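Asker: The following file, entry.txt, comprises compact mmCIF, C-alpha atoms:
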```
# COMPACT_ATOMS: atom_id res chain seq x y z
CA MET P 1 0.00 0.00 0.00
CA ARG P 2 1.05 3.55 -0.63
CA GLY P 3 0.97 6.19 2.07
CA VAL P 4 -0.31 9.69 2.62
CA THR P 5 0.93 12.07 5.28
CA THR P 6 -1.67 14.16 7.03
CA GLY P 7 -0.97 17.45 8.68
CA SER P 8 -0.39 15.71 12.03
CA GLY P 9 1.91 13.12 10.50
CA SER P 10 -0.53 10.28 11.18
CA ALA P 11 -1.61 7.81 8.55
CA LEU P 12 -4.80 8.36 6.62
CA ARG P 13 -6.51 5.15 5.50
CA VAL P 14 -8.94 5.66 2.63
CA ALA P 15 -11.44 3.04 1.50
CA VAL P 16 -12.75 3.35 -2.06
CA LEU P 17 -15.83 1.43 -3.16
CA LEU P 18 -15.46 -0.41 -6.49
CA GLU P 19 -18.91 -1.98 -6.62
CA GLN P 20 -19.75 -0.10 -9.84
CA CYS P 21 -16.91 -1.92 -11.61
CA LEU P 22 -18.84 -5.14 -11.00
CA ALA P 23 -22.20 -3.84 -12.22
CA PRO P 24 -23.72 -5.45 -15.35
CA VAL P 25 -23.15 -2.16 -17.21
CA PRO P 26 -20.27 -0.32 -15.46
CA GLY P 27 -20.49 2.67 -17.83
CA GLY P 28 -18.65 5.90 -17.25
CA THR P 29 -19.08 5.74 -13.48
CA GLY P 30 -17.35 2.37 -13.44
CA ARG P 31 -14.39 3.86 -15.30
CA TYR P 32 -14.40 6.78 -12.89
CA ALA P 33 -14.25 4.49 -9.86
CA ALA P 34 -11.37 2.47 -11.29
CA GLU P 35 -9.38 5.49 -12.46
CA VAL P 36 -9.81 7.27 -9.13
CA ALA P 37 -8.61 4.22 -7.20
CA ARG P 38 -5.55 3.80 -9.43
CA ALA P 39 -4.66 7.48 -9.28
CA LEU P 40 -5.08 7.68 -5.51
CA VAL P 41 -2.49 4.94 -5.09
CA GLN P 42 -0.10 6.51 -7.60
CA GLU P 43 -0.40 10.03 -6.18
CA ALA P 44 -0.50 9.24 -2.47
CA PRO P 45 2.02 11.08 -0.27
CA PRO P 46 4.45 9.01 1.78
CA THR P 47 2.34 7.47 4.57
CA GLY P 48 -1.17 6.07 4.70
CA GLU P 49 -3.22 3.45 2.93
CA VAL P 50 -5.63 2.97 0.05
CA GLY P 51 -7.95 -0.01 0.08
CA THR P 52 -10.85 -0.96 -2.18
CA TRP P 53 -14.10 -2.72 -1.32
CA SER P 54 -17.11 -4.33 -2.97
CA ALA P 55 -20.12 -6.43 -2.11
CA TRP P 56 -19.69 -10.20 -1.86
CA HIS P 57 -19.19 -11.56 -5.38
CA ALA P 58 -17.81 -14.97 -6.26
CA ASP P 59 -15.65 -13.28 -8.88
CA VAL P 60 -14.27 -9.79 -8.23
CA SER P 61 -11.71 -9.81 -11.03
CA ALA P 62 -13.41 -6.93 -12.86
CA ALA P 63 -12.62 -4.76 -9.84
CA ALA P 64 -9.08 -6.08 -9.30
CA LEU P 65 -6.80 -3.27 -10.49
CA ARG P 66 -3.08 -3.66 -10.97
CA GLY P 67 -1.19 -2.01 -8.13
CA VAL P 68 -4.35 -1.32 -6.12
CA PRO P 69 -5.08 -3.30 -2.93
CA GLY P 70 -8.32 -5.29 -2.97
CA PRO P 71 -11.10 -5.35 -3.49
CA ARG P 72 -11.99 -6.75 -0.11
CA ARG P 73 -15.50 -8.15 0.01
CA LEU P 74 -18.19 -7.02 2.42
CA PRO P 75 -20.29 -9.80 3.98
CA LEU P 76 -23.38 -9.27 1.82
CA PRO P 77 -24.06 -9.94 -1.89
CA ARG P 78 -24.91 -6.95 -4.05
CA ARG P 79 -28.70 -7.09 -3.92
CA PRO P 80 -29.14 -7.27 -0.12
CA MET P 81 -26.26 -4.85 0.37
CA VAL P 82 -27.92 -2.27 -1.85
CA ALA P 83 -31.22 -2.80 -0.03
CA ALA P 84 -29.49 -2.27 3.32
CA TRP P 85 -27.60 0.84 2.19
CA GLU P 86 -30.81 2.31 0.84
CA ARG P 87 -32.05 2.29 4.46
CA GLY P 88 -28.78 3.61 5.84
CA VAL P 89 -27.76 0.33 7.48
CA GLY P 90 -25.60 -2.67 6.62
CA PRO P 91 -21.88 -3.44 6.40
CA ALA P 92 -19.21 -0.85 5.74
CA PRO P 93 -15.46 -0.93 5.03
CA ARG P 94 -13.37 -1.63 8.11
CA ARG P 95 -10.15 -0.05 9.34
CA ALA P 96 -10.62 3.09 7.25
CA ASP P 97 -10.39 6.74 8.29
CA VAL P 98 -12.29 8.05 5.25
CA VAL P 99 -14.68 6.23 2.93
CA HIS P 100 -15.15 7.41 -0.66
CA ALA P 101 -18.18 6.19 -2.58
CA PRO P 102 -17.60 7.06 -6.26
CA THR P 103 -21.35 6.80 -6.99
CA PRO P 104 -24.45 7.58 -4.88
CA LEU P 105 -24.40 3.99 -3.58
CA PHE P 106 -22.76 4.44 -0.20
CA PRO P 107 -22.52 2.68 3.18
CA PRO P 108 -23.46 3.96 6.64
CA ARG P 109 -21.14 6.69 7.83
CA ARG P 110 -20.21 4.96 11.11
CA GLY P 111 -18.64 8.08 12.61
CA ARG P 112 -15.97 8.42 9.91
CA PRO P 113 -15.79 11.06 7.18
CA LEU P 114 -17.77 9.99 4.13
CA VAL P 115 -17.21 11.36 0.61
CA VAL P 116 -19.77 10.68 -2.13
CA THR P 117 -19.36 11.53 -5.82
CA VAL P 118 -22.53 12.65 -7.57
CA HIS P 119 -21.99 12.61 -11.31
CA ASP P 120 -25.01 14.56 -12.53
CA ALA P 121 -28.39 16.06 -11.64
CA VAL P 122 -30.21 14.19 -14.40
CA PRO P 123 -32.82 12.71 -12.02
CA TRP P 124 -34.13 16.26 -11.62
CA THR P 125 -33.20 17.98 -14.88
CA HIS P 126 -34.06 15.16 -17.31
CA PRO P 127 -36.07 12.51 -15.44
CA GLU P 128 -37.61 11.30 -18.69
CA THR P 129 -34.23 9.86 -19.70
CA LEU P 130 -34.21 7.43 -16.76
CA THR P 131 -36.53 4.70 -15.60
CA PRO P 132 -39.08 5.78 -12.95
CA ARG P 133 -37.32 3.52 -10.45
CA GLY P 134 -33.97 5.02 -11.42
CA VAL P 135 -35.30 8.52 -10.82
CA ARG P 136 -36.66 7.60 -7.39
CA TRP P 137 -33.52 5.72 -6.36
CA HIS P 138 -31.04 8.39 -7.42
CA ARG P 139 -33.04 11.24 -5.93
CA ALA P 140 -33.36 9.41 -2.60
CA MET P 141 -29.68 8.43 -2.39
CA ILE P 142 -28.35 11.83 -3.52
CA GLU P 143 -30.61 13.61 -1.03
CA ARG P 144 -29.36 11.26 1.70
CA ALA P 145 -25.77 11.97 0.67
CA ALA P 146 -26.48 15.69 0.92
CA ARG P 147 -27.70 15.16 4.51
CA THR P 148 -25.10 12.70 5.76
CA ALA P 149 -21.88 12.89 3.73
CA ASP P 150 -19.05 15.11 4.87
CA ALA P 151 -18.35 16.10 1.26
CA VAL P 152 -20.20 15.70 -2.03
CA VAL P 153 -17.82 15.67 -5.00
CA VAL P 154 -19.10 16.67 -8.45
CA PRO P 155 -17.22 16.65 -11.78
CA THR P 156 -18.19 20.09 -13.13
CA ARG P 157 -19.43 23.50 -12.05
CA THR P 158 -22.54 22.69 -14.08
CA VAL P 159 -23.46 19.83 -11.76
CA ALA P 160 -22.64 21.90 -8.68
CA GLY P 161 -25.08 24.59 -9.80
CA GLU P 162 -27.80 22.14 -10.79
CA LEU P 163 -27.61 20.22 -7.52
CA ALA P 164 -27.82 23.45 -5.54
CA ARG P 165 -31.12 24.23 -7.26
CA TYR P 166 -32.73 20.88 -6.47
CA VAL P 167 -31.08 19.44 -3.36
CA PRO P 168 -30.76 21.04 0.10
CA LEU P 169 -26.99 20.81 0.59
CA ARG P 170 -25.31 21.28 3.96
CA ARG P 171 -22.24 22.67 2.25
CA PRO P 172 -21.29 23.49 -1.38
CA PRO P 173 -20.23 20.53 -3.54
CA VAL P 174 -16.52 20.13 -4.20
CA VAL P 175 -15.78 20.33 -7.93
CA VAL P 176 -13.09 17.83 -8.96
CA GLY P 177 -12.63 17.12 -12.67
CA GLU P 178 -11.75 13.87 -14.37
CA GLY P 179 -8.99 12.69 -16.69
CA VAL P 180 -7.97 10.43 -19.56
CA SER P 181 -7.00 6.83 -18.90
CA ALA P 182 -3.36 5.94 -19.40
CA GLY P 183 -4.66 2.91 -21.26
CA LEU P 184 -6.00 5.04 -24.11
CA VAL P 185 -2.68 5.19 -25.92
CA PRO P 186 -2.45 3.58 -29.39
CA PRO P 187 -0.79 0.19 -28.82
CA ALA P 188 2.19 -1.12 -30.75
CA ASP P 189 -0.07 -3.57 -32.59
CA ALA P 190 -2.54 -0.90 -33.67
CA GLU P 191 -2.53 -2.05 -37.31
CA ARG P 192 -3.36 -5.61 -36.34
CA ARG P 193 -6.15 -4.46 -34.05
CA ALA P 194 -7.58 -2.16 -36.72
CA ALA P 195 -7.67 -5.05 -39.16
CA ALA P 196 -9.24 -7.38 -36.61
CA LEU P 197 -11.92 -4.79 -35.86
CA GLY P 198 -12.51 -4.20 -39.56
CA LEU P 199 -12.13 -0.45 -39.23
CA PRO P 200 -12.95 1.60 -42.34
CA ASP P 201 -10.00 2.77 -44.42
CA GLY P 202 -11.38 6.28 -44.80
CA ASP P 203 -13.14 8.77 -42.56
CA TYR P 204 -15.68 7.63 -40.02
CA VAL P 205 -17.68 9.12 -37.16
CA VAL P 206 -17.44 7.47 -33.75
CA THR P 207 -19.62 7.82 -30.69
CA LEU P 208 -18.79 6.42 -27.25
CA ALA P 209 -21.84 5.92 -25.08
CA THR P 210 -23.98 3.47 -23.19
CA VAL P 211 -26.84 2.76 -25.57
CA GLU P 212 -29.78 4.37 -23.79
CA PRO P 213 -32.16 7.29 -24.46
CA ARG P 214 -30.19 10.02 -22.66
CA LYS P 215 -27.21 9.65 -24.99
CA GLY P 216 -29.07 11.01 -28.04
CA LEU P 217 -28.10 8.22 -30.44
CA ASP P 218 -31.50 8.56 -32.12
CA VAL P 219 -30.61 12.18 -32.91
CA LEU P 220 -27.25 11.13 -34.33
CA LEU P 221 -28.83 8.50 -36.57
CA GLN P 222 -31.37 11.01 -37.83
CA ALA P 223 -28.54 13.44 -38.52
CA LEU P 224 -26.59 10.92 -40.57
CA ALA P 225 -29.71 10.14 -42.59
CA ALA P 226 -30.16 13.81 -43.57
CA GLU P 227 -29.30 14.96 -47.09
CA SER P 228 -26.73 17.38 -45.72
CA ALA P 229 -24.95 14.70 -43.69
CA PRO P 230 -21.54 13.30 -44.67
CA ASP P 231 -21.69 9.90 -46.34
CA VAL P 232 -19.38 8.13 -43.91
CA PRO P 233 -19.69 5.16 -41.54
CA LEU P 234 -20.73 5.50 -37.91
CA LEU P 235 -19.10 3.29 -35.28
CA VAL P 236 -21.01 2.99 -31.99
CA VAL P 237 -18.87 1.93 -29.02
CA GLY P 238 -20.67 1.04 -25.79
CA GLN P 239 -22.83 -1.47 -24.01
CA ALA P 240 -26.60 -1.62 -24.21
CA GLY P 241 -28.22 0.11 -21.27
CA TRP P 242 -31.89 0.46 -20.50
CA GLY P 243 -34.65 1.71 -22.81
CA SER P 244 -35.85 0.96 -26.29
CA VAL P 245 -32.93 2.36 -28.30
CA ASP P 246 -32.47 -0.29 -30.97
CA VAL P 247 -29.70 1.31 -32.99
CA GLY P 248 -29.79 -1.33 -35.71
CA ALA P 249 -33.56 -1.10 -36.17
CA VAL P 250 -33.53 2.71 -36.26
CA ALA P 251 -30.67 2.71 -38.76
CA GLU P 252 -32.56 0.21 -40.92
CA GLU P 253 -35.68 2.34 -40.82
CA LEU P 254 -33.68 5.42 -41.80
CA GLY P 255 -31.96 3.61 -44.66
CA ILE P 256 -28.43 3.88 -43.26
CA ALA P 257 -28.00 0.41 -41.76
CA SER P 258 -25.08 -0.35 -44.08
CA ARG P 259 -23.17 2.60 -42.61
CA VAL P 260 -23.72 1.83 -38.91
CA ARG P 261 -21.70 -0.67 -36.88
CA LEU P 262 -22.17 -1.60 -33.24
CA LEU P 263 -18.86 -2.50 -31.63
CA GLY P 264 -20.12 -2.96 -28.07
CA ARG P 265 -17.81 -2.45 -25.13
CA LEU P 266 -14.12 -2.53 -26.08
CA PRO P 267 -10.93 -2.98 -24.05
CA ASP P 268 -8.87 0.18 -23.79
CA GLU P 269 -6.30 -0.96 -26.38
CA ASP P 270 -9.00 -1.44 -29.03
CA LEU P 271 -10.81 1.73 -27.95
CA ALA P 272 -7.59 3.72 -28.39
CA VAL P 273 -7.29 2.43 -31.96
CA VAL P 274 -10.94 3.12 -32.84
CA LEU P 275 -10.88 6.58 -31.30
CA GLY P 276 -7.48 7.61 -32.60
CA ARG P 277 -8.41 6.83 -36.23
CA ALA P 278 -11.80 8.54 -36.16
CA ALA P 279 -12.39 11.66 -38.20
CA VAL P 280 -14.75 13.10 -35.59
CA LEU P 281 -16.42 12.14 -32.34
CA ALA P 282 -20.14 12.85 -32.07
CA ALA P 283 -21.55 13.39 -28.56
CA PRO P 284 -25.25 14.24 -29.00
CA SER P 285 -26.27 13.63 -25.36
CA ARG P 286 -29.38 15.24 -23.99
CA ALA P 287 -27.71 15.69 -20.61
CA GLU P 288 -24.35 14.90 -19.01
CA GLY P 289 -22.51 15.57 -15.79
CA PHE P 290 -19.06 15.58 -17.40
CA GLY P 291 -18.83 13.81 -20.74
CA LEU P 292 -15.68 11.72 -20.48
CA PRO P 293 -15.74 10.68 -24.19
CA VAL P 294 -15.42 14.35 -25.17
CA LEU P 295 -12.27 14.69 -23.07
CA GLU P 296 -10.87 11.38 -24.34
CA ALA P 297 -11.43 12.41 -27.96
CA MET P 298 -9.82 15.81 -27.45
CA ALA P 299 -6.78 14.18 -25.85
CA ALA P 300 -6.48 11.93 -28.90
CA GLY P 301 -6.62 14.93 -31.24
CA VAL P 302 -10.03 13.95 -32.61
CA PRO P 303 -12.39 16.83 -33.46
CA VAL P 304 -15.57 16.81 -31.37
CA VAL P 305 -19.10 17.77 -32.34
CA SER P 306 -21.36 17.71 -29.30
CA SER P 307 -24.73 18.90 -28.15
CA ASP P 308 -24.77 22.11 -26.14
CA ALA P 309 -25.64 20.30 -22.92
CA PRO P 310 -24.02 22.62 -20.33
CA ALA P 311 -21.52 20.12 -18.92
CA LEU P 312 -20.29 19.19 -22.41
CA VAL P 313 -19.79 22.86 -23.20
CA GLU P 314 -17.91 23.34 -19.93
CA VAL P 315 -15.58 20.41 -20.52
CA GLY P 316 -15.08 21.36 -24.17
CA GLY P 317 -13.91 24.80 -23.09
CA GLY P 318 -14.42 26.33 -26.54
CA ALA P 319 -12.44 23.61 -28.32
CA THR P 320 -15.48 21.71 -29.61
CA VAL P 321 -18.24 22.39 -32.12
CA THR P 322 -21.62 22.47 -30.38
CA VAL P 323 -25.18 22.24 -31.67
CA PRO P 324 -28.54 22.54 -29.87
CA VAL P 325 -29.64 19.48 -27.93
CA GLY P 326 -31.90 17.29 -30.05
CA ASP P 327 -31.34 19.23 -33.30
CA SER P 328 -30.47 16.54 -35.84
CA ALA P 329 -30.35 18.99 -38.76
CA ALA P 330 -27.80 21.18 -37.00
CA LEU P 331 -25.81 18.09 -36.07
CA ALA P 332 -25.77 16.93 -39.71
CA ASP P 333 -24.54 20.33 -40.86
CA ALA P 334 -21.84 20.49 -38.20
CA LEU P 335 -20.50 17.03 -39.03
CA SER P 336 -20.39 17.93 -42.71
CA GLU P 337 -18.61 21.18 -41.99
CA VAL P 338 -15.92 19.55 -39.85
CA LEU P 339 -15.38 16.59 -42.18
CA GLY P 340 -15.35 18.80 -45.24
CA SER P 341 -12.69 21.23 -44.05
CA PRO P 342 -9.12 20.01 -43.45
CA THR P 343 -8.35 23.40 -41.92
CA LEU P 344 -11.20 23.21 -39.46
CA ARG P 345 -10.29 19.63 -38.55
CA ALA P 346 -6.68 20.58 -37.88
CA GLU P 347 -7.72 23.59 -35.79
CA ALA P 348 -10.21 21.53 -33.78
CA SER P 349 -7.63 18.80 -33.21
CA ALA P 350 -5.03 21.25 -31.89
CA ALA P 351 -7.53 23.12 -29.74
CA GLY P 352 -8.81 19.87 -28.29
CA ARG P 353 -5.36 18.68 -27.31
CA ARG P 354 -4.68 22.00 -25.56
CA ARG P 355 -7.95 21.81 -23.67
CA ALA P 356 -7.47 18.17 -22.67
CA ALA P 357 -4.10 19.05 -21.14
CA ASP P 358 -6.02 20.88 -18.40
CA PHE P 359 -7.32 17.55 -17.05
CA SER P 360 -5.64 14.49 -15.55
CA TRP P 361 -6.48 11.70 -13.15
CA ALA P 362 -3.30 12.59 -11.26
CA ASP P 363 -4.69 16.05 -10.57
CA THR P 364 -8.01 14.48 -9.60
CA ALA P 365 -6.26 12.27 -7.06
CA ARG P 366 -4.19 15.10 -5.60
CA ARG P 367 -7.28 17.20 -5.04
CA LEU P 368 -9.07 14.26 -3.44
CA TRP P 369 -6.17 13.60 -1.07
CA GLU P 370 -6.35 17.25 -0.03
CA LEU P 371 -10.07 16.85 0.59
CA TYR P 372 -9.65 13.67 2.64
CA SER P 373 -6.95 15.29 4.77
CA SER P 374 -9.13 18.33 5.40
CA LEU P 375 -11.92 16.10 6.69
CA ARG P 376 -9.59 14.64 9.33
```
Before we go any further, please render this structure as structure tokens.

Answerer:
Amino acid sequence: MRGVTTGSGSALRVAVLLEQCLAPVPGGTGRYAAEVARALVQEAPPTGEVGTWSAWHADVSAAALRGVPGPRRLPLPRRPMVAAWERGVGPAPRRADVVHAPTPLFPPRRGRPLVVTVHDAVPWTHPETLTPRGVRWHRAMIERAARTADAVVVPTRTVAGELARYVPLRRPPVVVGEGVSAGLVPPADAERRAAALGLPDGDYVVTLATVEPRKGLDVLLQALAAESAPDVPLLVVGQAGWGSVDVGAVAEELGIASRVRLLGRLPDEDLAVVLGRAAVLAAPSRAEGFGLPVLEAMAAGVPVVSSDAPALVEVGGGATVTVPVGDSAALADALSEVLGSPTLRAEASAAGRRRAADFSWADTARRLWELYSSLR
């Protein structure tokens, strides 16, 4: 274990929950949990400990991170553990001075500082993009976090402002940004991977998203079916989430099925190849709390066309092309403009790299260590 020195010189033991890494669809919050745990170990000052925890699973390999202790298993399987934590009872990590829950699923406080990351305010701002149960669950758990946690961490100023409008907070949220995985570097065997994936030889549009209504994939498909849209393939990277978004069926109905490929969830090495060779990343989400794919694309030098959802605009920092949420015609025009102009593509690529340099998981971890120490 790596250490962290507190102001008094005593050790600070931090427990990080990695249950989201073991969820059926880990999504962006699963990546966040894993990246935070890795970075906390790498950036820890000299004394202290980082440990990771999960519910009782027979196989915890998806949450076993190289160089990161754990995960240790709590004495309840996921379903009863979630039910207990919903009522504010149940098991909690042991021998920890601070507990960090990287999603609104968190254990009882048990007299120790508790930090909870809330990724977005979608349950209030866009409830129609979630299931009714999802809306109820997230509202209840976030409101409980606001009452009981010692600190609520959010990824953007956008989320901080939105939460303040809907949730009675004891203290302002702490804004801590995200970063780009070290694994998203083109591997040495990139050519072999590209061939195995059957990547197009020419330009293509890529989108990275869990396939569910909030991500706006229906808008993107409508945009690519428009007369003004570029005649290029679309690669969709991401697992199926909830909802009735049948990308293949919608593409077939729109007459563009031959141009749309579903790649599912990819390991980082393949994702780096797919992303790095894309002509543009499309991020048409209806709402986001951060928009990690936008940052990942900018870091790879890939031009980004996104919706003007406030968090995406904030993360883009003026380096992306934005269009109104839900406007497929504007999205079609923007994609055509970027793909049709080598100058614009080069400018967007350079601007994106500059903007992405403002973010790193190392910086995230350093700010979190400062927060943990302040809570002692």

Asker: Taking all atoms listed in the file into account, which of P:Ala362, P:Ala329, P:Ala283, P:Val273 comes nearest P:Gln42?

Answerer: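 Among the listed residues, P:Ala362 lies closest to P:Gln42.
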
Asker: Have a look at P:Val180, P:Val219, P:Ala229, P:Val16 and name the one nearest to P:Ala300; count only C-alpha atoms.

Answerer: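 Among the listed residues, P:Val180 lies closest to P:Ala300.
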
Asker: Could you state the separation of atom CA of P:Asp201 and atom CA of P:Ala279 in Å, given to one decimal place?

Answerer: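 Pair atom CA of P:Asp201 / atom CA of P:Ala279 returns 11.1 Å.
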
Asker: Which residues, written as a PyMOL selection string, have at least one atom at most 12 Å from P:Gly326, with all atoms listed in the file counted and residues fewer than 3 positions away on the same chain left out?

Answerer: chain P and resi 213-223+283-287+306-309+322-323+329-332

Asker: So what do you get for atom CA of P:Thr148 versus atom CA of P:Ala160, distance-wise?

Answerer: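 About the pair atom CA of P:Thr148 and atom CA of P:Ala160: they are 17.3 Å apart.
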
Asker: From the list P:Val115, P:Val82, P:Ala348, P:Val36, which residue is nearest P:Trp56 when using only C-alpha atoms?

Answerer: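 Under the stated criterion, the closest residue is P:Val82.
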
Asker: Using Å and a single decimal, report how far atom CA of P:Ala145 sits from atom CA of P:Val175.

Answerer: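 These two atoms are separated by 15.6 Å.
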
Asker: Please list as a PyMOL selection string every residue within 12 Å of P:Glu128, counting all atoms listed in the file and excluding residues in the same chain fewer than 3 positions away.

Answerer: chain P and resi 122-125+131-136+212-214+243+286-287

Asker: Which is closest to P:Ala350 among P:Pro310, P:Ser336, P:Tyr372, P:Gly301, if we use all atoms listed in the file?

Answerer: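 Of all the options, P:Gly301 lies closest to P:Ala350.
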
Asker: Please provide the set of residues having any atom within 7 Å of P:Thr364, restricted to all atoms listed in the file, with same-chain residues fewer than 4 positions apart removed, written as number ranges by chain.

Answerer: P: 176-178, 360, 368

Asker: List the neighbours of P:Ala278 out to 8 Å using all atoms listed in the file; skip same-chain residues closer than 6 positions along the sequence, and give me the result as a ChimeraX atom specification.

Answerer: /P:203-206,302

Asker: So which one's closest to P:Glu337, P:Pro230, P:Gly316, P:Gly238, P:Pro127? Using all atoms listed in the file, please.

Answerer: P:Pro230

Asker: Name the residues, using the chain letters and numbers of the file, that sit within 6 Å of (-2.5, 5.6, 7.4) when counting all atoms listed in the file, and give them as a ChimeraX atom specification.

Answerer: /P:11-13,47-49

Asker: Need to verify the contact set: P:Ala190, 9 Å, all atoms listed in the file, exclusion of same-chain residues closer than 3 positions in sequence. Can you return it as a PyMOL selection string?

Answerer: chain P and resi 186-187+193-195+269-270+272-273

Asker: Find the residues with any atom within 7 Å of (-24.8, 2.7, -30.6); use only C-alpha atoms and the coordinates as given in the file, and write the answer as a PyMOL selection string.

Answerer: chain P and resi 211+217+236-238+247+262

Asker: Just checking: using all atoms listed in the file, which residue out of P:Ala209, P:Cys21, P:Ala33, P:Val99 ends up closest to P:Ala149?

Answerer: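 That would be P:Val99, the residue with the smallest distance to P:Ala149.
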